[in-house]
>>> print(open('upload38.cif').read())   # mmCIF, C-alpha atoms and all ligand atoms
data_query
loop_
_atom_site.label_atom_id
_atom_site.label_comp_id
_atom_site.auth_asym_id
_atom_site.auth_seq_id
_atom_site.Cartn_x
_atom_site.Cartn_y
_atom_site.Cartn_z
CA MET D 1 3.68 7.42 20.60
CA ASN D 2 5.86 9.64 18.51
CA VAL D 3 9.07 7.82 17.71
CA ALA D 4 11.14 10.91 18.49
CA CYS D 5 10.12 10.80 22.20
CA ASP D 6 11.77 7.48 23.02
CA ILE D 7 15.41 8.03 23.97
CA GLU D 8 16.47 4.37 23.99
CA LEU D 9 14.92 3.97 20.55
CA GLN D 10 16.64 7.11 19.32
CA ARG D 11 19.98 5.59 20.31
CA LYS D 12 19.24 2.43 18.32
CA LEU D 13 18.12 4.52 15.36
CA THR D 14 21.39 6.43 15.19
CA PRO D 15 23.67 4.81 12.60
CA GLY D 16 27.09 3.69 13.85
CA PRO D 17 30.27 5.01 12.18
CA ASP D 18 30.38 2.11 9.71
CA GLU D 19 26.61 1.86 9.18
CA THR D 20 24.24 3.19 6.54
CA LEU D 21 20.49 3.52 7.04
CA VAL D 22 19.24 1.60 3.99
CA PHE D 23 15.54 1.61 4.79
CA ASP D 24 13.79 4.59 6.31
CA ALA D 25 10.23 5.91 6.15
CA PRO D 26 9.52 8.31 3.26
CA LYS D 27 9.34 12.02 4.19
CA SER D 28 5.86 12.31 2.70
CA LEU D 29 4.55 9.69 5.14
CA VAL D 30 3.41 11.12 8.48
CA ASP D 31 5.24 9.60 11.46
CA THR D 32 2.15 8.17 13.16
CA PRO D 33 0.58 4.77 13.81
CA MET D 34 -1.92 3.69 11.16
CA HIS D 35 -5.44 2.49 12.03
CA PHE D 36 -5.40 -0.45 9.60
CA CYS D 37 -5.86 -4.03 10.84
CA PRO D 38 -2.70 -6.15 11.31
CA GLY D 39 -1.38 -7.34 7.94
CA CYS D 40 -3.64 -5.04 5.90
CA GLN D 41 -1.67 -3.72 2.94
CA HIS D 42 -3.38 -0.33 2.70
CA GLY D 43 -0.50 1.09 4.77
CA LEU D 44 2.12 -0.40 2.49
CA ILE D 45 0.43 1.17 -0.52
CA HIS D 46 0.43 4.58 1.20
CA ARG D 47 4.13 4.08 1.81
CA ILE D 48 4.83 3.31 -1.87
CA VAL D 49 2.90 6.42 -2.91
CA ALA D 50 4.76 8.54 -0.33
CA ARG D 51 8.11 7.20 -1.53
CA THR D 52 7.24 8.09 -5.13
CA LEU D 53 6.14 11.60 -4.12
CA ASP D 54 9.50 12.00 -2.33
CA ASP D 55 11.49 10.66 -5.28
CA MET D 56 9.72 12.92 -7.77
CA GLY D 57 9.93 15.95 -5.47
CA LEU D 58 6.15 16.41 -5.57
CA GLN D 59 5.40 16.84 -1.86
CA GLU D 60 5.04 20.63 -1.98
CA ARG D 61 2.78 20.55 -5.05
CA ALA D 62 0.71 17.44 -4.42
CA ILE D 63 -2.93 17.33 -3.37
CA ALA D 64 -4.39 13.97 -2.36
CA VAL D 65 -8.09 13.23 -2.74
CA GLY D 66 -9.37 10.70 -0.22
CA SER D 67 -12.33 8.39 -0.65
CA VAL D 68 -14.67 6.50 1.66
CA GLY D 69 -13.68 3.13 3.07
CA CYS D 70 -10.57 2.08 4.96
CA SER D 71 -8.70 4.44 2.64
CA VAL D 72 -10.53 7.41 4.17
CA PHE D 73 -7.70 8.49 6.47
CA VAL D 74 -5.23 9.36 3.70
CA TYR D 75 -5.09 12.87 5.20
CA ARG D 76 -3.67 11.44 8.42
CA TYR D 77 -0.89 9.53 6.72
CA ILE D 78 0.24 11.62 3.77
CA SER D 79 2.03 14.80 4.71
CA MET D 80 0.41 17.24 2.28
CA ASP D 81 -2.85 18.91 1.41
CA CYS D 82 -5.80 16.55 1.12
CA VAL D 83 -9.44 16.83 0.12
CA GLU D 84 -11.98 14.28 1.29
CA ALA D 85 -14.47 13.24 -1.39
CA PRO D 86 -17.93 11.72 -0.82
CA HIS D 87 -18.15 7.97 -1.45
CA GLY D 88 -17.19 7.16 -5.04
CA ARG D 89 -16.67 10.76 -6.09
CA ALA D 90 -12.91 11.07 -5.69
CA THR D 91 -12.18 11.23 -9.42
CA ALA D 92 -14.87 13.91 -9.86
CA VAL D 93 -13.46 15.95 -6.97
CA ALA D 94 -9.93 15.44 -8.31
CA THR D 95 -11.11 16.68 -11.72
CA GLY D 96 -12.25 19.91 -10.10
CA VAL D 97 -9.08 20.31 -8.05
CA LYS D 98 -6.83 19.73 -11.06
CA ARG D 99 -8.77 22.04 -13.36
CA ALA D 100 -8.79 24.80 -10.74
CA ARG D 101 -5.09 24.30 -9.94
CA PRO D 102 -3.47 22.84 -13.06
CA GLY D 103 -0.01 23.48 -11.62
CA ASN D 104 -0.59 21.08 -8.74
CA PHE D 105 -0.11 17.33 -8.80
CA VAL D 106 -3.39 15.55 -7.94
CA TYR D 107 -3.99 11.91 -7.06
CA THR D 108 -6.84 9.88 -5.57
CA PHE D 109 -6.66 6.89 -3.23
CA GLN D 110 -9.73 4.65 -3.55
CA GLY D 111 -11.00 1.21 -2.60
CA ASP D 112 -12.89 -1.19 -4.84
CA GLY D 113 -16.29 -0.52 -3.30
CA ASP D 114 -15.56 3.14 -3.82
CA LEU D 115 -14.10 3.17 -7.33
CA ALA D 116 -15.59 0.04 -8.91
CA ALA D 117 -19.11 0.16 -7.41
CA ILE D 118 -20.60 3.46 -6.26
CA GLY D 119 -18.00 5.52 -8.15
CA THR D 120 -17.72 3.58 -11.42
CA ALA D 121 -19.35 6.31 -13.49
CA GLU D 122 -17.11 9.07 -12.10
CA ALA D 123 -13.98 6.97 -12.53
CA ILE D 124 -14.69 5.87 -16.09
CA HIS D 125 -15.73 9.29 -17.30
CA ALA D 126 -12.78 11.06 -15.67
CA ALA D 127 -10.53 8.49 -17.36
CA ASN D 128 -12.32 8.83 -20.70
CA ARG D 129 -12.00 12.61 -20.56
CA GLY D 130 -8.30 12.13 -20.03
CA GLU D 131 -8.20 14.21 -16.87
CA ARG D 132 -4.63 14.90 -15.80
CA ILE D 133 -4.98 13.03 -12.53
CA SER D 134 -3.50 9.81 -11.13
CA VAL D 135 -5.57 7.14 -9.41
CA ILE D 136 -4.39 4.62 -6.84
CA PHE D 137 -7.00 1.88 -6.69
CA VAL D 138 -6.93 -0.66 -3.86
CA ASN D 139 -8.60 -3.94 -4.85
CA ASN D 140 -9.09 -6.16 -1.79
CA THR D 141 -12.11 -8.00 -3.23
CA THR D 142 -14.45 -6.68 -0.55
CA TYR D 143 -15.94 -3.68 1.24
CA GLY D 144 -13.49 -3.58 4.14
CA MET D 145 -14.70 -0.76 6.34
CA THR D 146 -18.37 -1.74 6.48
CA GLY D 147 -17.87 -5.39 7.36
CA GLY D 148 -16.88 -7.36 4.29
CA GLN D 149 -19.78 -7.13 1.83
CA MET D 150 -19.46 -8.35 -1.76
CA ALA D 151 -17.77 -5.90 -4.12
CA PRO D 152 -17.74 -6.00 -7.94
CA THR D 153 -14.18 -7.37 -7.53
CA THR D 154 -15.18 -10.25 -5.23
CA LEU D 155 -13.91 -13.55 -6.69
CA LEU D 156 -16.36 -16.19 -7.92
CA GLY D 157 -17.04 -18.55 -5.03
CA GLN D 158 -15.68 -16.09 -2.45
CA LYS D 159 -17.86 -15.93 0.65
CA THR D 160 -18.74 -12.49 1.97
CA THR D 161 -21.38 -11.21 4.38
CA THR D 162 -23.74 -10.52 1.45
CA CYS D 163 -22.99 -13.73 -0.48
CA VAL D 164 -22.64 -16.25 2.30
CA LYS D 165 -22.54 -19.21 -0.08
CA GLY D 166 -19.98 -17.58 -2.33
CA ARG D 167 -20.34 -15.21 -5.28
CA GLU D 168 -22.27 -16.69 -8.19
CA ARG D 169 -21.83 -15.56 -11.76
CA GLU D 170 -25.52 -16.09 -12.57
CA THR D 171 -26.76 -13.52 -10.09
CA ALA D 172 -23.75 -11.28 -9.35
CA GLY D 173 -21.67 -11.40 -12.52
CA ALA D 174 -17.95 -12.04 -12.64
CA PRO D 175 -15.17 -9.97 -10.99
CA ILE D 176 -14.64 -6.65 -12.78
CA ARG D 177 -11.13 -6.05 -14.12
CA MET D 178 -10.68 -2.31 -13.81
CA ALA D 179 -7.09 -2.00 -15.03
CA GLU D 180 -7.93 -3.69 -18.35
CA LEU D 181 -11.16 -1.72 -18.65
CA MET D 182 -9.37 1.59 -18.10
CA ALA D 183 -6.75 0.65 -20.69
CA GLN D 184 -9.47 0.65 -23.38
CA LEU D 185 -10.22 4.34 -22.91
CA ASP D 186 -8.49 6.90 -25.13
CA GLY D 187 -7.99 9.35 -22.26
CA VAL D 188 -5.91 6.88 -20.26
CA ALA D 189 -2.16 7.30 -20.61
CA PHE D 190 -1.10 4.58 -18.20
CA SER D 191 -2.90 1.61 -16.66
CA ALA D 192 -1.35 -1.23 -14.70
CA ARG D 193 -2.13 -3.85 -12.07
CA VAL D 194 0.40 -4.61 -9.36
CA ALA D 195 0.62 -6.54 -6.09
CA VAL D 196 2.58 -6.04 -2.87
CA ASN D 197 2.77 -9.66 -1.76
CA SER D 198 6.52 -10.00 -2.36
CA VAL D 199 9.61 -7.81 -2.54
CA LYS D 200 9.77 -8.38 -6.29
CA ASN D 201 6.18 -7.27 -6.81
CA ILE D 202 6.65 -4.26 -4.51
CA ARG D 203 9.52 -3.07 -6.71
CA LYS D 204 7.34 -3.40 -9.82
CA ALA D 205 4.55 -1.55 -7.99
CA GLU D 206 6.91 1.34 -7.25
CA LYS D 207 7.77 1.60 -10.95
CA ALA D 208 4.10 1.55 -11.96
CA VAL D 209 3.16 4.33 -9.52
CA ARG D 210 6.03 6.38 -10.83
CA ARG D 211 4.77 6.02 -14.43
CA ALA D 212 1.18 6.81 -13.41
CA PHE D 213 2.46 9.99 -11.78
CA GLU D 214 4.78 10.90 -14.66
CA VAL D 215 2.02 10.80 -17.29
CA GLN D 216 0.18 13.44 -15.29
CA GLU D 217 3.29 15.58 -15.02
CA GLN D 218 3.92 15.19 -18.76
CA GLY D 219 0.32 16.19 -19.55
CA LEU D 220 -0.34 12.87 -21.33
CA GLY D 221 -3.56 11.99 -19.55
CA PHE D 222 -5.08 9.82 -16.84
CA GLY D 223 -2.83 7.46 -14.84
CA PHE D 224 -4.23 4.36 -13.15
CA VAL D 225 -2.65 1.75 -10.87
CA GLU D 226 -4.70 -1.10 -9.45
CA PHE D 227 -3.15 -2.68 -6.34
CA LEU D 228 -4.10 -6.18 -5.27
CA SER D 229 -4.31 -5.90 -1.50
CA THR D 230 -5.25 -8.03 1.48
CA CYS D 231 -8.15 -7.63 3.91
CA PRO D 232 -7.24 -10.31 6.48
CA THR D 233 -10.08 -9.25 8.79
CA ASN D 234 -12.93 -9.69 6.36
CA TRP D 235 -11.34 -12.59 4.53
CA ARG D 236 -11.17 -14.30 7.95
CA LEU D 237 -7.55 -15.27 7.30
CA ASP D 238 -4.39 -14.57 9.27
CA PRO D 239 -2.09 -12.03 7.60
CA ILE D 240 0.29 -14.64 6.16
CA LYS D 241 -2.49 -16.78 4.69
CA ALA D 242 -4.14 -13.62 3.36
CA ASN D 243 -0.90 -12.64 1.66
CA GLU D 244 -0.64 -16.13 0.15
CA ARG D 245 -4.19 -15.80 -1.17
CA VAL D 246 -3.05 -12.86 -3.30
CA GLU D 247 -0.74 -15.24 -5.18
CA THR D 248 -2.94 -18.32 -5.28
CA GLU D 249 -6.40 -16.83 -5.90
CA MET D 250 -6.23 -13.17 -6.81
CA ILE D 251 -3.44 -13.03 -9.39
CA PRO D 252 -4.94 -15.88 -11.47
CA CYS D 253 -8.13 -13.80 -11.79
CA PHE D 254 -6.46 -10.38 -11.85
CA PRO D 255 -3.25 -10.76 -13.87
CA LEU D 256 -0.43 -8.35 -13.07
CA GLY D 257 1.05 -6.15 -15.76
CA VAL D 258 0.98 -2.90 -17.66
CA PHE D 259 -2.07 -2.76 -19.92
CA LYS D 260 -1.42 0.63 -21.47
CA GLU D 261 1.50 2.99 -21.55
CA MET D 262 1.73 6.10 -23.68
CA GLY D 263 5.16 7.40 -24.52
CA GLU D 264 6.15 11.04 -24.26
CA MET V 1 26.84 -7.56 10.50
CA SER V 2 23.85 -5.48 9.56
CA ARG V 3 20.87 -4.92 11.82
CA ILE V 4 17.21 -4.00 11.96
CA VAL V 5 15.31 -1.91 14.47
CA VAL V 6 11.63 -2.72 15.03
CA LEU V 7 9.61 0.31 16.10
CA GLU V 8 7.72 -1.60 18.76
CA SER V 9 4.92 0.94 19.13
CA ARG V 10 4.15 0.52 15.40
CA CYS V 11 4.41 -3.26 15.08
CA LYS V 12 1.10 -5.13 14.82
CA GLY V 13 2.58 -8.59 15.06
CA CYS V 14 1.36 -9.64 11.61
CA LEU V 15 4.57 -11.67 11.00
CA LEU V 16 4.76 -10.78 7.31
CA CYS V 17 8.35 -9.66 7.93
CA ALA V 18 9.24 -12.98 9.54
CA ALA V 19 7.85 -14.85 6.54
CA GLN V 20 9.95 -12.77 4.10
CA CYS V 21 13.27 -12.77 5.97
CA PRO V 22 15.63 -15.00 3.95
CA LYS V 23 17.66 -15.77 7.10
CA LYS V 24 14.54 -16.55 9.17
CA ILE V 25 15.83 -14.60 12.17
CA ILE V 26 12.68 -12.58 12.91
CA ARG V 27 10.40 -14.25 15.45
CA GLN V 28 7.40 -13.47 17.60
CA SER V 29 8.49 -12.18 21.01
CA GLU V 30 6.72 -12.74 24.33
CA ARG V 31 6.05 -8.99 24.65
CA PHE V 32 2.96 -6.94 23.88
CA ASN V 33 2.97 -3.26 22.93
CA ALA V 34 0.58 -0.63 24.30
CA LYS V 35 -1.96 -1.50 21.59
CA GLY V 36 -1.93 -5.13 22.69
CA TYR V 37 -0.08 -6.52 19.69
CA LYS V 38 2.49 -9.26 20.21
CA ILE V 39 5.53 -7.70 18.62
CA VAL V 40 8.39 -9.31 16.69
CA GLU V 41 12.06 -9.38 17.62
CA VAL V 42 15.45 -10.67 16.49
CA ALA V 43 17.42 -12.47 19.18
CA ASP V 44 20.74 -10.73 19.94
CA GLU V 45 22.70 -13.79 18.84
CA ASP V 46 20.78 -13.96 15.53
CA MET V 47 21.31 -10.34 14.52
CA ALA V 48 24.81 -11.24 13.27
CA LEU V 49 23.11 -13.18 10.45
CA CYS V 50 21.28 -10.10 9.16
CA THR V 51 22.51 -9.12 5.70
CA GLY V 52 20.67 -5.80 5.60
CA CYS V 53 18.63 -6.91 2.56
CA ALA V 54 15.60 -4.94 3.85
CA SER V 55 13.06 -7.55 2.67
CA CYS V 56 11.34 -7.35 6.07
CA ALA V 57 11.06 -3.58 5.95
CA MET V 58 9.78 -3.66 2.35
CA VAL V 59 6.84 -5.93 3.19
CA CYS V 60 5.96 -4.41 6.58
CA PRO V 61 2.55 -2.80 6.04
CA ASP V 62 3.11 -0.44 8.97
CA THR V 63 6.60 0.83 8.09
CA ALA V 64 7.75 -0.44 11.51
CA ILE V 65 11.25 -1.56 10.53
CA ARG V 66 14.44 0.41 9.90
CA VAL V 67 17.47 -1.32 8.37
CA PHE V 68 21.13 -0.47 8.93
CA ARG V 69 23.72 -2.02 6.65
CA THR V 70 27.32 -2.28 7.78
CA ARG V 71 29.82 -1.13 5.19
CA LYS V 72 31.99 -4.04 4.10
CA SER V 73 35.38 -2.33 4.26
CA ALA V 74 34.88 -1.42 7.92
CA GLY V 75 34.27 -4.85 9.47
CA ALA V 76 36.84 -7.63 9.75
CA GLY V 77 34.76 -10.84 9.36
CA GLU V 78 31.19 -9.81 8.60
C1 LIG N 1 -23.04 7.42 -0.05
C2 LIG N 1 -22.54 6.38 0.89
N1 LIG N 1 -23.01 5.10 0.78
C3 LIG N 1 -22.54 4.14 1.60
C4 LIG N 1 -21.60 4.43 2.55
C5 LIG N 1 -21.11 3.33 3.47
N2 LIG N 1 -19.78 2.87 3.16
C6 LIG N 1 -18.69 3.31 3.84
S1 LIG N 1 -17.27 2.56 3.38
C7 LIG N 1 -18.09 1.62 2.23
C8 LIG N 1 -17.39 0.59 1.39
C9 LIG N 1 -15.94 0.82 1.19
O1 LIG N 1 -15.38 -0.28 0.57
P1 LIG N 1 -14.09 -0.20 -0.32
O2 LIG N 1 -14.15 0.96 -1.24
O3 LIG N 1 -13.88 -1.53 -0.94
O4 LIG N 1 -12.92 0.16 0.68
P2 LIG N 1 -12.15 -0.69 1.79
O5 LIG N 1 -12.84 -0.35 3.07
O6 LIG N 1 -12.23 -2.14 1.43
O7 LIG N 1 -10.77 -0.18 1.75
C10 LIG N 1 -19.46 1.90 2.24
C11 LIG N 1 -20.43 1.21 1.39
C12 LIG N 1 -21.15 5.76 2.65
N3 LIG N 1 -20.23 6.12 3.54
N4 LIG N 1 -21.62 6.72 1.81
S1 LIG N 2 -11.09 -3.96 7.28
FE1 LIG N 2 -9.79 -4.84 5.70
S2 LIG N 2 -9.23 -3.13 4.35
FE2 LIG N 2 -10.00 -2.27 6.27
S3 LIG N 2 -8.16 -1.91 7.55
FE3 LIG N 2 -8.99 -3.94 8.07
S4 LIG N 2 -7.91 -5.38 6.78
FE4 LIG N 2 -7.62 -3.32 5.90
S1 LIG N 3 5.68 -6.82 9.24
FE1 LIG N 3 5.80 -4.94 10.53
S2 LIG N 3 3.90 -4.92 11.72
FE2 LIG N 3 4.12 -7.00 10.87
S3 LIG N 3 5.19 -8.17 12.49
FE3 LIG N 3 6.77 -7.37 11.14
S4 LIG N 3 7.41 -5.39 12.05
FE4 LIG N 3 5.44 -5.98 12.97
#
>>> encode(input="upload38.cif", output="C-alpha cells", more="lines below")
Ligand SMILES: Cc1ncc(C[n+]2csc(CCOP(=O)(O)OP(=O)(O)O)c2C)c(N)n1
Ligand code: SF4
Ligand code: SF4
Amino acid sequence: MNVACDIELQRKLTPGPDETLVFDAPKSLVDTPMHFCPGCQHGLIHRIVARTLDDMGLQERAIAVGSVGCSVFVYRYISMDCVEAPHGRATAVATGVKRARPGNFVYTFQGDGDLAAIGTAEAIHAANRGERISVIFVNNTTYGMTGGQMAPTTLLGQKTTTCVKGRERETAGAPIRMAELMAQLDGVAFSARVAVNSVKNIRKAEKAVRRAFEVQEQGLGFGFVEFLSTCPTNWRLDPIKANERVETEMIPCFPLGVFKEMGE
Amino acid sequence: MSRIVVLESRCKGCLLCAAQCPKKIIRQSERFNAKGYKIVEVADEDMALCTGCASCAMVCPDTAIRVFRTRKSAGAGE
C-alpha cells in the first residue's frame, strides 16, 4: 500500500510543533515495498545509494544500470532512468551509456554471481580502461536469486547448494577479493569495501559511496564499492544471526577499508 | 521524548532494529501485516525512553522507520 493513502499513518507522520523529522526516506528511493527477503540488506544498500544521489543532487542526471540476481529490480526502487543489462554485462552496458551520454552520471548495481563470476571480464576491463562509471557491488557470498549456489566469494567451508560439504580450496579456489583486485588497476580511481551490519559501518559506507560517485563526477576514473551483505534465506540463518555472521565470518576474510583513492 | 513511527505495511519483522536500539524498546508485536510478517512495535509507555538516535531506522533494510526528535528547549523534563 502506498503510505500516502493511510490517514491514521499520515497523522503520526506529521511532526508536532516541537518535533523534527530526523530520519526520512531519500527522495531518490521509490515509495514502494521491496521484494527482498526479511533482513536482506540489498534494500539498505539501495537506500544508501539513493541518499547519496540526493545529497549530490544527481537524481535528474543519473542513469542506473541493473544486473541479474536479486539486484535486478533496481528500476523499481530507484526513482530515475534505468537500463537492465544481461547477466554480468552491467559494466559493459554502463560503458556504452556513459560514452554515449558523458554528461550523465552512470552507476551499476551488481551481485557477486553477476560481477565476480559471469561478469568478471566485463568488470575488470571496464575498470582497467578507467571508464567514468561507478559500481556498487553486493557481496553476499552466494547466488541469492537462483537458490544459493556457490559464488567465487563463498567462504572456505561455507555450505551451499552446489558445495554441500562446504567450499574446498583444492577444487574451488579461495574467496575472490574484488575490492583489492580492482585497486591494482590503473583505471580505478576509488576502491573500497564496506559493511552495513552496524550504524558505524553504515556511516562509513555512505562516505565510500560518495567518494566512488565523486571520482566519476571529477573525471578521475572508475569508482568501486564492495558491500558485504546478508542473504539470510540462502545462508539458512535468521536475520540477526546472518547480520552477526558478517562480523564474525565475512569481515575476517574480506577486510573493510579503502584500498585506493585518487585525489583531485 | 522522541518517537519512531513504524510503517507497518513495509515492516518484515526481521528484528534488526530491535537488536540495534540502545534502549531496547522495540519488540515483536502480536500483529501481522497484509504480507504476513509479524511486525515490530514500541509500547506506548516505552516510547518516552526513545532518544531519537535513529539507529533502528539506519539498520532497517526496508526503510520502514521514521524518527522524530523532540527539540530540547521545548519540553520540560525530557
Ligand atoms: C546468462 C544467464 N545465466 C544464468 C542466469 C541465471 N541466474 C539468474 S540470477 C543468477 C545469480 C545471481 O547471483 P548474484 O549475482 O550473487 O546475485 P544475488 O541474487 O545474490 O543478489 C543466475 C546464475 C541468467 N539469468 N542469465
Ligand atoms: S535470496 Fe538472498 S539476496 Fe535474494 S532477496 Fe533473499 S536474502 Fe536477499
Ligand atoms: S528493521 Fe525494519 S523491517 Fe526489520 S523489524 Fe525493524 S522495522 Fe521491521
>>> residues_around(input="upload38.cif", residues="D:Val49", least_positions_apart="4", cutoff="8 Å", atoms="only C-alpha atoms", output="ChimeraX atom specification")
/D:45,53,206,209
>>> atom_distance(input="upload38.cif", atom1="atom CA of D:Cys40", atom2="atom CA of D:Glu8")
28.6 Å
>>> atom_distance(input="upload38.cif", atom1="atom CA of V:Arg66", atom2="atom CA of D:Lys12")
9.9 Å
>>> interface_residues(input="upload38.cif", of="chain V", to="chain D", cutoff="10 Å", atoms="only C-alpha atoms", output="PyMOL selection string")
chain V and resi 1-20+34+37+52-75
>>> residues_near_ligand(input="upload38.cif", ligand="ligand LIG 1 (chain N)", cutoff="9 Å", atoms="only C-alpha atoms and all ligand atoms", output="number ranges by chain")
D: 42, 67-72, 86-88, 110-118, 138-151, 153, 231
>>> residues_around(input="upload38.cif", residues="V:Val42", least_positions_apart="6", cutoff="8 Å", atoms="all atoms listed in the file", output="VMD selection string")
chain V and resid 25 to 27
>>> atom_distance(input="upload38.cif", atom1="atom CA of D:Lys204", atom2="atom CA of V:Lys23")
23.4 Å
>>> closest_residue(input="upload38.cif", among="D:Ala94, D:Leu237, D:Leu181, D:Ile124", to="ligand LIG 2 (chain N)", atoms="all atoms listed in the file")
D:Leu237
>>> closest_residue(input="upload38.cif", among="D:Phe137, D:Phe109, D:Trp235, D:Phe190", to="ligand LIG 2 (chain N)", atoms="all atoms listed in the file")
D:Trp235
>>> closest_residue(input="upload38.cif", among="D:Gly219, D:Gly263, D:Pro232, D:Gly130", to="ligand LIG 2 (chain N)", atoms="only C-alpha atoms and all ligand atoms")
D:Pro232
>>> closest_residue(input="upload38.cif", among="V:Lys24, V:Lys35, V:Val40, V:Glu45", to="ligand LIG 3 (chain N)", atoms="all atoms listed in the file")
V:Val40
>>> axis_aligned_box(input="upload38.cif", around="ligand LIG 2 (chain N)", padding_each_side="3 Å", output="JSON")
{"center_x": -9.4, "center_y": -3.6, "center_z": 6.2, "size_x": 9.5, "size_y": 9.5, "size_z": 9.7}
>>> residues_around(input="upload38.cif", residues="D:Val215", least_positions_apart="5", cutoff="8 Å", atoms="only C-alpha atoms", output="short mmCIF file (atom, residue, chain, number, x, y, z; two decimals) with C-alpha atoms, keeping the file's coordinate frame")
data_model
loop_
_atom_site.label_atom_id
_atom_site.label_comp_id
_atom_site.auth_asym_id
_atom_site.auth_seq_id
_atom_site.Cartn_x
_atom_site.Cartn_y
_atom_site.Cartn_z
CA ARG D 132 -4.63 14.90 -15.80
CA ALA D 189 -2.16 7.30 -20.61
CA PHE D 190 -1.10 4.58 -18.20
CA LEU D 220 -0.34 12.87 -21.33
CA GLY D 221 -3.56 11.99 -19.55
CA PHE D 222 -5.08 9.82 -16.84
CA GLY D 223 -2.83 7.46 -14.84
CA MET D 262 1.73 6.10 -23.68
#
